[in-house]
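Take a look at the structure below.
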Amino acid sequence: MVLVMLLMLVTLNIFIQQLVKEQIVTRLQHDAESLVSFIQISADDHWEVNPAHISQVYSRVRSGHYYIVQTAQQTLRSRSLFDFELSIPEMQATQSHSYQMNGAGEEVWLVWQQRIKKNNQILQIWVAEDITSFQQQLLKFSIIAVLLVTTASAVLVYLQQGILNRGFAVFDLLRTNLQAVRHGDMEKNGTLVPMEISPLVSEIELLVEQLRQRIKRTRNAIGNLTHEIKRPMQILSLYIETNEGKESALQCFDEIQTIVDRELRRAKISGTNVVGGAFKIQEEIPVLLKIMKNIYPKISLELTIQKNLNEVNLDRGDMLELSGNLLDNACKFTTSVVNIEFKTAENFYLLTVEDDGEGVTMEQMSLITEKGFRLDESRQGHGLGLSICSDIVQSYHGELLFDQSALGGLKVTVSLPLIR
């Protein structure tokens with residue numbers, strides 16, 4: 001902005017200088033024409049200018065206005081030149097031009113020079129005006145303009161800095177939110193932001209909320225896993241100290257190994273869990289089904305995806321964990337078939353998983369999302385799968401619905417609002 005203003009100032013200065021010079025040259029041309037009309041041949045056959053007809057400014061010494069008329073035989077000079085000697089450059093016939101030269105003392109002259117023919121004689125007219133005062137005024141104007149530009153620039157920079165500081169102060173609140181997540185504080189600070197950056201702030205807050213929910217679920221999962229391993233570890237430690245119950249100790253060891261294998265399998269199902277990133281159904285789900293097929297080779301997995309539904313603006317890690325837990329739960333309790341369907345309805349993303357197992361009663365449907373609840377104690381698991389799914393769905397303000405499947409088992413429907 002400062003560079004543009006300085007460029008405009010320089011351009012304006014050049015234009016003003018050129019305009020004033022053109023005006024002065026025009027006046028000099030008029031003076032030269034008047035001089036030509038007033039010069040006459042006297043009785044003794046000499047050229048002369050009647051002082052009564054010419055402007056008095058040419059009669060005052062060093063007045064800043066000067067003229068010279070040259071013929072082949074004589075030279076006429078204005079009284080204002082006094083004793084200042086100068087030579088006039090020769091010109092071709094009918095030629096005219098203007099130029100600038102140093103004059104008497106510290107004066108700077110703007111000159112108009114031309115050749116004319118009068119009474120069959122060639123006359124060379126030279127008219128000059130001192131432009132020193134004009135140059136001084138122009139310099140003064142330039143200095144004032146530079147000072148004004150400098151002052152205005154400083155004020156504008158100060159105002160812009162204030163505007164930017166106020167506009168971006170919201171990021172201090174966002175930084176506080178991120179620090180709260182990092183330090184384990186689950187309280188969220190409210191942020192009032194200008195509408196110009198509200199979409200960016202909304203995305204950042206959404207990411208912060210996803211991180212917060214993921215940290216919460218991770219802590220809960222670790223706590224539950226620790227609690228589950230604690231009991232067999234205590235029994236195993238007791239058997240080792242007493243050196244008794246080898247078979248029971250081996251059974252505890254197998255139980256621990258089963259828990260570890262199960263958690264490794266769940267980690268594999270959940271994928272890399274990258275925070276953010278759109279959920280690409282056509283790419284992610286076939287990979288997930290391949291993993292599930294390796295874990296449950298006897299189960300038939302049927303996939304249905306709505307036409308043209310490829311990507312939804314939901315967190316990839318959350319959606320993989322949600323889909324993986326629902327499929328894992330269905331595969332545990334199914335007889336032979338598990339169906340999974342992805343589609344959209346109005347502004348909602350719908351995920352449906354159903355199996356042909358024994359199903360659940362209405363009373364059990366209200367309990368299966370509670371932590372640690374298990375429908376069948378003989379099957380592997382610690383009752384956290386559907387609880388985790390419920391936490392993920394709640395973090396998106398969605399719904400987790402249970403119903404009887406047409407296949408005979410349980411039908412789970414997840415409804416999540418689409419994020420534009």
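Letters for chains follow the order of the structure tokens (A, B, ...), residue numbers begin at 1 for each chain, and ligand numbers begin at 1 in the order shown.
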
Need the shell around region 388-404 of chain A: protein/DNA/RNA residues with any atom at most 10 Å away, counting only C-alpha atoms. Skip same-chain ones fewer than 5 positions apart. Format as a PyMOL selection string? chain A and resi 206+209-210+212-214+216-218+220-221+314+318-319+321-326+348-356+358-362+365-366+368-371+383+409-419

Include C-alpha atoms and write out the residues we just selected as a CSV table (one decimal), in the first residue's frame.
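New file out.csv:
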```
chain,number,residue,atom,x,y,z
A,206,LEU,CA,-15.2,-30.0,15.6
A,209,GLU,CA,-14.4,-32.2,20.0
A,210,GLN,CA,-13.5,-35.3,18.1
A,212,ARG,CA,-11.8,-34.9,23.2
A,213,GLN,CA,-14.3,-37.8,22.5
A,214,ARG,CA,-11.6,-40.0,21.2
A,216,LYS,CA,-12.4,-40.1,26.5
A,217,ARG,CA,-13.2,-43.4,24.8
A,218,THR,CA,-9.5,-44.4,24.8
A,220,ASN,CA,-12.4,-45.7,29.2
A,221,ALA,CA,-11.2,-48.6,27.1
A,314,LEU,CA,-17.4,-37.7,8.9
A,318,ASP,CA,-14.6,-42.8,14.1
A,319,MET,CA,-16.5,-44.4,11.2
A,321,GLU,CA,-14.3,-47.9,14.7
A,322,LEU,CA,-18.1,-47.7,14.6
A,323,SER,CA,-18.5,-50.0,11.6
A,324,GLY,CA,-15.9,-52.4,12.9
A,325,ASN,CA,-17.5,-52.8,16.3
A,326,LEU,CA,-21.0,-53.3,14.9
A,348,PHE,CA,-28.7,-38.1,7.6
A,349,TYR,CA,-26.2,-40.8,7.0
A,350,LEU,CA,-27.6,-44.3,7.8
A,351,LEU,CA,-25.6,-47.4,8.6
A,352,THR,CA,-27.5,-50.7,9.1
A,353,VAL,CA,-26.1,-54.0,10.4
A,354,GLU,CA,-28.3,-57.1,10.8
A,355,ASP,CA,-27.7,-60.8,11.4
A,356,ASP,CA,-29.6,-64.1,11.4
A,358,GLU,CA,-31.1,-65.6,17.9
A,359,GLY,CA,-31.7,-61.9,18.4
A,360,VAL,CA,-32.4,-60.2,21.7
A,361,THR,CA,-35.5,-59.5,23.7
A,362,MET,CA,-37.1,-56.0,24.2
A,365,MET,CA,-32.3,-54.0,23.9
A,366,SER,CA,-32.3,-51.3,26.6
A,368,ILE,CA,-26.9,-53.9,25.5
A,369,THR,CA,-25.2,-50.5,25.2
A,370,GLU,CA,-24.2,-50.5,28.9
A,371,LYS,CA,-20.5,-51.1,29.6
A,383,GLY,CA,-19.2,-56.1,26.6
A,409,GLY,CA,-31.5,-61.7,14.6
A,410,LEU,CA,-30.7,-58.2,15.7
A,411,LYS,CA,-30.9,-55.1,13.5
A,412,VAL,CA,-28.8,-52.1,14.5
A,413,THR,CA,-29.4,-48.8,12.7
A,414,VAL,CA,-27.1,-45.8,13.1
A,415,SER,CA,-28.4,-42.3,12.1
A,416,LEU,CA,-25.8,-39.5,12.0
A,417,PRO,CA,-26.4,-35.9,10.8
A,418,LEU,CA,-24.4,-35.1,7.6
A,419,ILE,CA,-21.7,-32.4,8.1
```

When you look at Thr75 (chain A) with a cut-off of 12 Å (counting only C-alpha atoms), what residues show up, excluding the ones that are within fewer than 3 positions of it in the same chain? I need them as a PyMOL selection string. chain A and resi 46-49+67-72+78+86-88+123-126

May I have the selected residues written with C-alpha atoms, as a PDB file, in the first residue's frame?
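Output file again23.pdb is given in full below:
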```
ATOM      1  CA  HIS A  46      17.148  49.233 -38.050  1.00  0.00           C
ATOM      2  CA  TRP A  47      14.837  46.899 -36.136  1.00  0.00           C
ATOM      3  CA  GLU A  48      13.420  48.277 -32.889  1.00  0.00           C
ATOM      4  CA  VAL A  49      10.817  47.420 -30.252  1.00  0.00           C
ATOM      5  CA  TYR A  67      13.697  38.184 -24.591  1.00  0.00           C
ATOM      6  CA  ILE A  68      16.262  38.452 -27.400  1.00  0.00           C
ATOM      7  CA  VAL A  69      15.597  39.164 -31.056  1.00  0.00           C
ATOM      8  CA  GLN A  70      18.410  38.413 -33.478  1.00  0.00           C
ATOM      9  CA  THR A  71      18.732  39.379 -37.126  1.00  0.00           C
ATOM     10  CA  ALA A  72      21.632  39.083 -39.478  1.00  0.00           C
ATOM     11  CA  SER A  78      15.254  43.161 -23.071  1.00  0.00           C
ATOM     12  CA  LEU A  86      24.501  34.473 -23.317  1.00  0.00           C
ATOM     13  CA  SER A  87      24.665  32.924 -26.734  1.00  0.00           C
ATOM     14  CA  ILE A  88      21.569  31.665 -28.526  1.00  0.00           C
ATOM     15  CA  LEU A 123      14.241  36.869 -37.196  1.00  0.00           C
ATOM     16  CA  GLN A 124      15.254  34.546 -34.370  1.00  0.00           C
ATOM     17  CA  ILE A 125      13.033  35.065 -31.307  1.00  0.00           C
ATOM     18  CA  TRP A 126      14.189  33.934 -27.888  1.00  0.00           C
TER      19      TRP A 126
END
```

Region 110-115 of chain A environment, 12 Å, only C-alpha atoms, sequence neighbours closer than 4 positions dropped, as a tab-separated table (two decimals) with C-alpha atoms, in the first residue's frame:
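Resulting contents of around_1.tsv:
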```tsv
chain	number	residue	atom	x	y	z
A	20	VAL	CA	2.89	23.80	-15.37
A	21	LYS	CA	5.70	23.77	-17.92
A	22	GLU	CA	3.19	23.46	-20.74
A	23	GLN	CA	1.29	26.44	-19.35
A	24	ILE	CA	4.47	28.51	-19.11
A	25	VAL	CA	5.54	27.54	-22.65
A	26	THR	CA	2.09	28.56	-23.92
A	27	ARG	CA	2.51	31.97	-22.26
A	28	LEU	CA	5.99	32.32	-23.75
A	29	GLN	CA	4.59	31.56	-27.20
A	30	HIS	CA	2.04	34.31	-26.76
A	31	ASP	CA	4.77	36.73	-25.65
A	32	ALA	CA	6.86	35.77	-28.69
A	33	GLU	CA	3.93	36.41	-31.02
A	35	LEU	CA	7.01	40.61	-29.71
A	36	VAL	CA	6.91	39.78	-33.42
A	64	GLY	CA	12.54	36.78	-14.42
A	65	HIS	CA	11.15	37.53	-17.91
A	66	TYR	CA	13.57	38.00	-20.82
A	67	TYR	CA	13.70	38.18	-24.59
A	68	ILE	CA	16.26	38.45	-27.40
A	69	VAL	CA	15.60	39.16	-31.06
A	70	GLN	CA	18.41	38.41	-33.48
A	71	THR	CA	18.73	39.38	-37.13
A	88	ILE	CA	21.57	31.66	-28.53
A	89	PRO	CA	21.92	28.39	-30.43
A	90	GLU	CA	21.33	28.66	-34.19
A	91	MET	CA	18.14	27.20	-35.54
A	92	GLN	CA	16.92	26.07	-38.93
A	93	ALA	CA	14.35	28.15	-40.75
A	94	THR	CA	10.78	27.98	-39.41
A	95	GLN	CA	11.99	25.80	-36.55
A	96	SER	CA	10.75	26.24	-32.96
A	97	HIS	CA	11.21	24.39	-29.67
A	98	SER	CA	11.37	24.83	-25.87
A	99	TYR	CA	14.12	23.85	-23.47
A	100	GLN	CA	15.45	24.50	-19.97
A	101	MET	CA	18.75	26.22	-19.09
A	102	ASN	CA	20.62	27.83	-16.20
A	103	GLY	CA	20.14	31.58	-16.11
A	121	GLN	CA	14.30	38.97	-43.20
A	122	ILE	CA	14.89	36.04	-40.86
A	123	LEU	CA	14.24	36.87	-37.20
A	124	GLN	CA	15.25	34.55	-34.37
A	125	ILE	CA	13.03	35.06	-31.31
A	126	TRP	CA	14.19	33.93	-27.89
A	127	VAL	CA	11.85	34.33	-24.88
A	128	ALA	CA	12.60	32.98	-21.37
A	129	GLU	CA	10.96	32.88	-17.93
A	130	ASP	CA	12.51	32.07	-14.57
A	131	ILE	CA	10.87	28.90	-13.09
A	132	THR	CA	12.91	28.77	-9.86
A	134	PHE	CA	7.80	27.09	-9.38
A	135	GLN	CA	10.43	24.42	-8.68
```

Members of region 30-235 of chain A assigned strand (DSSP E or B) by DSSP, as a ChimeraX atom specification: /A:39-41,47-49,65-70,75-77,96-102,108-118,121-130

Between CA of Phe253 (chain A) and CA of Phe333 (chain A), distance in Å (one decimal):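 Between these atoms lies a distance of 25.5 Å.
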
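Each of A:Asn339, A:Glu283, A:Gly408, A:Gln364 was compared to Thr304 (chain A) using only C-alpha atoms, and A:Asn339 turns out to be the nearest.
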
Computed interatomic separation between CA of Gln257 (chain A) and CA of Ser237 (chain A) (Å): 15.4 Å

As an exercise, work out the distance from CA of Ile39 (chain A) to CA of Asn119 (chain A) in Å and give it to one decimal place.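 Those two atoms sit 11.0 Å apart.
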
Looking at only C-alpha atoms, which of A:Gln136, A:Ser198, A:Gln74, A:Ser142 is the one that sits closest to Phe171 (chain A)?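 Once distances to Phe171 (chain A) are computed over only C-alpha atoms, the minimum belongs to A:Ser198.
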
Please provide the set of residues having any atom within 10 Å of Val61 (chain A), restricted to only C-alpha atoms, with same-chain residues fewer than 6 positions apart removed, written as a count of residues only. 6

From the list A:Met195, A:Val2, A:Met8, A:Leu327, which residue is nearest Ser153 (chain A) when using only C-alpha atoms?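 The shortest atom-to-atom distance to Ser153 (chain A) comes from A:Val2.
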
Per DSSP on the backbone, filter region 67-221 of chain A down to the residues in alpha helix (DSSP H) and report them as a compact mmCIF listing (two decimals) with C-alpha atoms, in the first residue's frame.
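Listed below is the output, selection-v9.txt:
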```txt
# COMPACT_ATOMS: atom_id res chain seq x y z
CA THR A 132 12.91 28.77 -9.86
CA SER A 133 9.94 29.74 -7.68
CA PHE A 134 7.80 27.09 -9.38
CA GLN A 135 10.43 24.42 -8.68
CA GLN A 136 10.66 25.52 -5.03
CA GLN A 137 6.89 25.33 -4.66
CA LEU A 138 6.86 21.90 -6.30
CA LEU A 139 9.59 20.70 -3.91
CA LYS A 140 7.62 22.04 -0.94
CA PHE A 141 4.50 20.27 -2.21
CA SER A 142 6.46 17.01 -2.62
CA ILE A 143 7.85 17.19 0.93
CA ILE A 144 4.40 17.88 2.40
CA ALA A 145 2.89 15.05 0.32
CA VAL A 146 5.60 12.61 1.48
CA LEU A 147 4.99 13.59 5.11
CA LEU A 148 1.24 13.13 4.65
CA VAL A 149 1.75 9.73 2.98
CA THR A 150 4.13 8.65 5.76
CA THR A 151 1.74 9.79 8.49
CA ALA A 152 -1.28 8.23 6.79
CA SER A 153 0.64 4.98 6.28
CA ALA A 154 1.67 4.84 9.94
CA VAL A 155 -1.93 5.47 11.04
CA LEU A 156 -3.29 2.85 8.64
CA VAL A 157 -0.71 0.28 9.75
CA TYR A 158 -1.63 0.96 13.38
CA LEU A 159 -5.35 0.63 12.64
CA GLN A 160 -4.83 -2.51 10.58
CA GLN A 161 -2.79 -4.07 13.35
CA GLY A 162 -5.57 -3.33 15.81
CA ILE A 163 -8.20 -4.78 13.49
CA LEU A 164 -6.15 -7.92 12.88
CA ASN A 165 -5.42 -8.34 16.58
CA ARG A 166 -9.12 -8.11 17.41
CA GLY A 167 -10.09 -10.32 14.48
CA VAL A 170 -10.45 -15.75 18.73
CA PHE A 171 -7.49 -18.04 18.07
CA ASP A 172 -6.32 -17.44 21.64
CA LEU A 173 -9.56 -19.05 22.78
CA LEU A 174 -9.05 -21.92 20.33
CA ARG A 175 -5.51 -22.36 21.64
CA THR A 176 -6.96 -22.51 25.16
CA ASN A 177 -9.35 -25.25 24.02
CA LEU A 178 -6.49 -27.25 22.53
CA GLN A 179 -4.48 -26.85 25.73
CA ALA A 180 -7.51 -28.01 27.71
CA VAL A 181 -7.65 -31.19 25.64
CA ARG A 182 -3.91 -31.71 26.02
CA SER A 198 -16.70 -18.78 11.69
CA PRO A 199 -16.52 -21.72 9.22
CA LEU A 200 -12.82 -22.16 10.02
CA VAL A 201 -13.48 -21.91 13.76
CA SER A 202 -16.32 -24.43 13.47
CA GLU A 203 -14.04 -26.92 11.74
CA ILE A 204 -11.34 -26.46 14.38
CA GLU A 205 -13.85 -26.84 17.21
CA LEU A 206 -15.24 -29.96 15.55
CA LEU A 207 -11.74 -31.40 15.37
CA VAL A 208 -11.15 -30.49 19.04
CA GLU A 209 -14.42 -32.16 20.00
CA GLN A 210 -13.51 -35.31 18.06
CA LEU A 211 -10.14 -35.41 19.79
CA ARG A 212 -11.83 -34.95 23.16
CA GLN A 213 -14.31 -37.76 22.51
CA ARG A 214 -11.58 -40.05 21.24
CA ILE A 215 -9.40 -39.39 24.28
CA LYS A 216 -12.38 -40.10 26.52
CA ARG A 217 -13.16 -43.37 24.75
CA THR A 218 -9.51 -44.40 24.81
CA ARG A 219 -9.25 -43.75 28.54
CA ASN A 220 -12.43 -45.68 29.22
CA ALA A 221 -11.24 -48.59 27.06
```
